[in-house]
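S.K.: This is the content of data08.pdb (PDB, C-alpha atoms):
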```pdb
ATOM      1  CA  MET A   1     -23.253 108.690  20.830
ATOM      2  CA  ASN A   2     -24.298 110.475  23.997
ATOM      3  CA  ARG A   3     -26.379 108.272  26.225
ATOM      4  CA  MET A   4     -27.427 111.230  28.365
ATOM      5  CA  ASN A   5     -29.705 112.597  25.626
ATOM      6  CA  ARG A   6     -31.878 109.478  25.491
ATOM      7  CA  PRO A   7     -34.931 109.199  27.732
ATOM      8  CA  VAL A   8     -33.908 105.923  29.355
ATOM      9  CA  ASP A   9     -34.132 104.529  32.815
ATOM     10  CA  VAL A  10     -30.974 105.810  34.511
ATOM     11  CA  ALA A  11     -30.393 102.617  36.492
ATOM     12  CA  ARG A  12     -30.440 100.453  33.358
ATOM     13  CA  GLU A  13     -28.183 102.910  31.586
ATOM     14  CA  PHE A  14     -25.825 102.859  34.563
ATOM     15  CA  GLU A  15     -25.648  99.049  34.366
ATOM     16  CA  ALA A  16     -25.016  99.200  30.628
ATOM     17  CA  VAL A  17     -22.132 101.608  31.147
ATOM     18  CA  GLU A  18     -20.695  99.344  33.844
ATOM     19  CA  ARG A  19     -20.845  96.396  31.404
ATOM     20  CA  ASP A  20     -19.124  98.505  28.742
ATOM     21  CA  ILE A  21     -16.403  99.430  31.233
ATOM     22  CA  ALA A  22     -15.911  95.765  32.183
ATOM     23  CA  LYS A  23     -15.695  94.740  28.504
ATOM     24  CA  THR A  24     -13.253  97.547  27.736
ATOM     25  CA  THR A  25     -11.101  96.590  30.726
ATOM     26  CA  SER A  26     -11.139  92.979  29.511
ATOM     27  CA  ASP A  27     -10.147  94.151  26.015
ATOM     28  CA  ILE A  28      -7.257  96.125  27.510
ATOM     29  CA  ASP A  29      -6.068  93.008  29.356
ATOM     30  CA  LYS A  30      -6.215  90.992  26.125
ATOM     31  CA  VAL A  31      -4.210  93.639  24.257
ATOM     32  CA  GLU A  32      -1.623  93.719  27.051
ATOM     33  CA  LYS A  33      -1.228  89.934  26.750
ATOM     34  CA  GLU A  34      -0.785  90.272  22.986
ATOM     35  CA  ILE A  35       1.867  92.948  23.558
ATOM     36  CA  GLU A  36       3.675  90.556  25.921
ATOM     37  CA  LYS A  37       3.549  87.826  23.248
ATOM     38  CA  LYS A  38       4.948  90.219  20.635
ATOM     39  CA  GLN A  39       7.732  91.198  23.021
ATOM     40  CA  ALA A  40       8.593  87.552  23.620
ATOM     41  CA  ARG A  41       8.637  87.009  19.837
ATOM     42  CA  GLN A  42      10.937  90.004  19.428
ATOM     43  CA  ASP A  43      13.270  88.701  22.136
ATOM     44  CA  ASP A  44      13.361  85.299  20.420
ATOM     45  CA  LEU A  45      14.142  86.877  17.052
ATOM     46  CA  VAL A  46      16.901  89.037  18.526
ATOM     47  CA  SER A  47      18.454  85.901  20.054
ATOM     48  CA  ARG A  48      18.201  84.058  16.739
ATOM     49  CA  VAL A  49      19.835  86.934  14.862
ATOM     50  CA  GLU A  50      22.669  86.996  17.402
ATOM     51  CA  LYS A  51      23.199  83.229  17.087
ATOM     52  CA  ILE A  52      23.148  83.492  13.286
ATOM     53  CA  ARG A  53      25.660  86.336  13.460
ATOM     54  CA  GLN A  54      27.988  84.146  15.507
ATOM     55  CA  ASP A  55      27.495  81.129  13.209
ATOM     56  CA  LEU A  56      28.099  83.312  10.183
ATOM     57  CA  SER A  57      31.274  84.672  11.711
ATOM     58  CA  ASP A  58      32.481  81.117  12.364
ATOM     59  CA  VAL A  59      31.710  80.010   8.789
ATOM     60  CA  GLN A  60      33.424  83.059   7.321
ATOM     61  CA  ALA A  61      36.504  82.404   9.471
ATOM     62  CA  GLN A  62      36.581  78.788   8.234
ATOM     63  CA  LEU A  63      36.408  79.998   4.628
ATOM     64  CA  LEU A  64      39.626  81.941   5.160
ATOM     65  CA  LYS A  65      41.560  78.821   6.091
ATOM     66  CA  PRO A  66      43.860  77.822   3.224
ATOM     67  CA  ALA A  67      43.653  74.074   3.950
ATOM     68  CA  LEU A  68      40.001  73.789   2.827
ATOM     69  CA  ASN A  69      39.372  71.895  -0.360
ATOM     70  CA  GLU A  70      36.940  73.239  -2.959
ATOM     71  CA  GLU A  71      34.093  70.955  -1.845
ATOM     72  CA  ASP A  72      34.341  72.191   1.753
ATOM     73  CA  LYS A  73      34.521  75.785   0.562
ATOM     74  CA  ALA A  74      31.399  75.287  -1.572
ATOM     75  CA  ARG A  75      29.538  73.732   1.373
ATOM     76  CA  ARG A  76      30.561  76.551   3.665
ATOM     77  CA  ARG A  77      29.596  79.188   1.088
ATOM     78  CA  LEU A  78      26.183  77.548   0.793
ATOM     79  CA  LEU A  79      25.869  77.547   4.579
ATOM     80  CA  GLU A  80      26.968  81.175   4.616
ATOM     81  CA  GLN A  81      24.234  82.077   2.118
ATOM     82  CA  GLN A  82      21.615  80.135   4.095
ATOM     83  CA  LEU A  83      22.629  81.922   7.281
ATOM     84  CA  CYS A  84      22.445  85.289   5.527
ATOM     85  CA  ASP A  85      18.977  84.438   4.207
ATOM     86  CA  GLU A  86      17.800  83.306   7.639
ATOM     87  CA  ARG A  87      19.249  86.433   9.237
ATOM     88  CA  GLN A  88      17.373  88.618   6.751
ATOM     89  CA  PHE A  89      14.160  86.675   7.386
ATOM     90  CA  CYS A  90      14.560  87.181  11.145
ATOM     91  CA  ARG A  91      15.222  90.879  10.693
ATOM     92  CA  ASP A  92      12.111  91.240   8.526
ATOM     93  CA  GLU A  93      10.080  89.352  11.132
ATOM     94  CA  LEU A  94      11.509  91.599  13.838
ATOM     95  CA  VAL A  95      10.432  94.728  11.959
ATOM     96  CA  ALA A  96       6.948  93.259  11.515
ATOM     97  CA  ALA A  97       6.718  92.272  15.204
ATOM     98  CA  ARG A  98       7.749  95.773  16.280
ATOM     99  CA  SER A  99       5.141  97.288  13.998
ATOM    100  CA  GLU A 100       2.431  94.954  15.304
ATOM    101  CA  LYS A 101       3.429  95.741  18.877
ATOM    102  CA  GLU A 102       3.193  99.476  18.167
ATOM    103  CA  GLN A 103      -0.280  98.984  16.669
ATOM    104  CA  LEU A 104      -1.303  97.071  19.785
ATOM    105  CA  ARG A 105       0.016  99.865  21.987
ATOM    106  CA  ASN A 106      -2.052 102.352  20.000
ATOM    107  CA  LYS A 107      -5.127 100.139  20.364
ATOM    108  CA  LYS A 108      -4.491  99.864  24.093
ATOM    109  CA  GLU A 109      -4.302 103.660  24.353
ATOM    110  CA  GLN A 110      -7.600 103.997  22.458
ATOM    111  CA  LEU A 111      -9.213 101.468  24.802
ATOM    112  CA  ARG A 112      -7.894 103.330  27.841
ATOM    113  CA  ASN A 113      -9.387 106.545  26.460
ATOM    114  CA  LYS A 114     -12.700 104.766  25.878
ATOM    115  CA  GLU A 115     -12.596 103.385  29.408
ATOM    116  CA  ALA A 116     -11.970 106.866  30.831
ATOM    117  CA  GLN A 117     -14.885 108.272  28.814
ATOM    118  CA  LEU A 118     -17.161 105.480  30.050
ATOM    119  CA  ARG A 119     -16.140 106.175  33.641
ATOM    120  CA  LYS A 120     -17.017 109.848  33.162
ATOM    121  CA  GLU A 121     -20.352 108.823  31.710
ATOM    122  CA  LYS A 122     -20.932 106.486  34.647
ATOM    123  CA  GLU A 123     -20.218 109.339  37.061
ATOM    124  CA  GLN A 124     -22.649 111.605  35.192
ATOM    125  CA  LEU A 125     -25.325 108.938  35.438
ATOM    126  CA  ARG A 126     -24.627 108.495  39.130
ATOM    127  CA  LEU A 127     -24.998 112.238  39.669
ATOM    128  CA  LEU A 128     -28.166 112.302  37.588
ATOM    129  CA  GLU A 129     -29.590 109.470  39.650
ATOM    130  CA  GLN A 130     -28.752 111.305  42.879
ATOM    131  CA  ALA A 131     -30.341 114.491  41.591
ATOM    132  CA  HIS A 132     -33.515 112.704  40.460
ATOM    133  CA  PRO A 133     -34.068 109.626  42.633
ATOM    134  CA  ASN A 134     -36.986 107.387  41.633
TER
END
```
Before anything else, please render the file you have as structure tokens.

M.R.:
Amino acid sequence: MNRMNRPVDVAREFEAVERDIAKTTSDIDKVEKEIEKKQARQDDLVSRVEKIRQDLSDVQAQLLKPALNEEDKARRRLLEQQLCDERQFCRDELVAARSEKEQLRNKKEQLRNKEAQLRKEKEQLRLLEQAHPN
């Protein structure tokens, strides 16, 4: 949609473009905050996976001890399975968070391109207004 082809009051069109730029800039800020949240989520998940890895290593080391009775071994095997399940869940969540963050980065890039186009349009309107003052 090219605003320059419409017979509209240039000053009003200029104001409309400025509002669009402000909204787009606000949208970019919102997307950047969402990216920060996704990064924090990723960092949290990475920490959880590391803690699970350590816990799992501890449980597996305990299972190798010959002094464990069968009940303790069964409990530790159950804990081992739960830790493996939780680790897999965290890894899946991490993949999803990375994907969402990449989508947000793409959206941010699109918004930046839109903002640049609006700024060009604003400059064209400014030049048009200078060339044809009321």

S.K.: I would like the residues chosen by the PyMOL selection byres ((chain A and resi 62) around 12) on the shown file; could you give them as an MDAnalysis selection string?

M.R.: chainID A and resid 55:61 63:69 72:77 79:80

S.K.: In terms of the shortest atom-to-atom distance over only C-alpha atoms, which of A:Lys38, A:Arg19, A:Arg87, A:Lys120 is closest to A:Glu50?

M.R.: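 With only C-alpha atoms as the atom set, the closest residue is A:Arg87.
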
S.K.: Please report as a Markdown table every residue of stretch 32-60 of chain A lying within 12 Å of stretch 88-95 of chain A, along with the nearest atom pair and their distance in Å (one decimal), using only C-alpha atoms.

M.R.:
```
| residue | atom | partner | partner_atom | distance |
| --- | --- | --- | --- | --- |
| A:Lys38 | CA | A:Leu94 | CA | 9.5 |
| A:Gln39 | CA | A:Leu94 | CA | 9.9 |
| A:Ala40 | CA | A:Leu94 | CA | 11.0 |
| A:Arg41 | CA | A:Leu94 | CA | 8.1 |
| A:Gln42 | CA | A:Leu94 | CA | 5.8 |
| A:Asp43 | CA | A:Leu94 | CA | 9.0 |
| A:Asp44 | CA | A:Leu94 | CA | 9.3 |
| A:Leu45 | CA | A:Cys90 | CA | 5.9 |
| A:Val46 | CA | A:Leu94 | CA | 7.6 |
| A:Ser47 | CA | A:Cys90 | CA | 9.8 |
| A:Arg48 | CA | A:Cys90 | CA | 7.4 |
| A:Val49 | CA | A:Cys90 | CA | 6.5 |
| A:Glu50 | CA | A:Cys90 | CA | 10.2 |
| A:Lys51 | CA | A:Cys90 | CA | 11.2 |
| A:Ile52 | CA | A:Cys90 | CA | 9.6 |
| A:Arg53 | CA | A:Gln88 | CA | 10.9 |
```

S.K.: Mind giving me the straight-line distance from atom CA of A:Ile35 to atom CA of A:Glu86 in Å, one decimal?

M.R.: 24.5 Å

S.K.: Can you tell me how far atom CA of A:Ala11 sits from atom CA of A:Glu109, in Å to one decimal?

M.R.: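 Taking atom CA of A:Ala11 as the start and atom CA of A:Glu109 as the end point, the length is 28.8 Å.
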
S.K.: Can you pull out the residues contacting A:Lys122? Cut-off 12 Å, using only C-alpha atoms, and skip same-chain residues under 5 positions away; I want them as an mmCIF file with C-alpha atoms, in the frame of the given file.

M.R.:
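The resulting selection.cif:
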```cif
data_model
loop_
_atom_site.group_PDB
_atom_site.id
_atom_site.type_symbol
_atom_site.label_atom_id
_atom_site.label_comp_id
_atom_site.auth_asym_id
_atom_site.auth_seq_id
_atom_site.Cartn_x
_atom_site.Cartn_y
_atom_site.Cartn_z
ATOM 1 C CA ASN A 2 -24.298 110.475 23.997
ATOM 2 C CA ARG A 3 -26.379 108.272 26.225
ATOM 3 C CA MET A 4 -27.427 111.230 28.365
ATOM 4 C CA VAL A 10 -30.974 105.810 34.511
ATOM 5 C CA ALA A 11 -30.393 102.617 36.492
ATOM 6 C CA ARG A 12 -30.440 100.453 33.358
ATOM 7 C CA GLU A 13 -28.183 102.910 31.586
ATOM 8 C CA PHE A 14 -25.825 102.859 34.563
ATOM 9 C CA GLU A 15 -25.648 99.049 34.366
ATOM 10 C CA ALA A 16 -25.016 99.200 30.628
ATOM 11 C CA VAL A 17 -22.132 101.608 31.147
ATOM 12 C CA GLU A 18 -20.695 99.344 33.844
ATOM 13 C CA ARG A 19 -20.845 96.396 31.404
ATOM 14 C CA ASP A 20 -19.124 98.505 28.742
ATOM 15 C CA ILE A 21 -16.403 99.430 31.233
ATOM 16 C CA GLU A 115 -12.596 103.385 29.408
ATOM 17 C CA ALA A 116 -11.970 106.866 30.831
ATOM 18 C CA GLN A 117 -14.885 108.272 28.814
ATOM 19 C CA LEU A 127 -24.998 112.238 39.669
ATOM 20 C CA LEU A 128 -28.166 112.302 37.588
ATOM 21 C CA GLU A 129 -29.590 109.470 39.650
#
```

S.K.: Would you work out the distance separating atom CA of A:Thr25 from atom CA of A:Lys114, expressed in Å to one decimal?

M.R.: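 Spanning atom CA of A:Thr25 to atom CA of A:Lys114 is a straight-line distance of 9.6 Å.
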
S.K.: How big is the axis-aligned box around the listed atoms of stretch 75-86 of chain A once 3 Å is added on each side, and where is its centre? Give both in Å to one decimal, as JSON.

M.R.:
```
{"center_x": 24.2, "center_y": 79.5, "center_z": 4.2, "size_x": 18.8, "size_y": 17.6, "size_z": 12.8}
```

S.K.: The PyMOL selection byres ((chain A and resi 32) around 12) on the file shown: which residues, as a count of residues only?

M.R.: 25
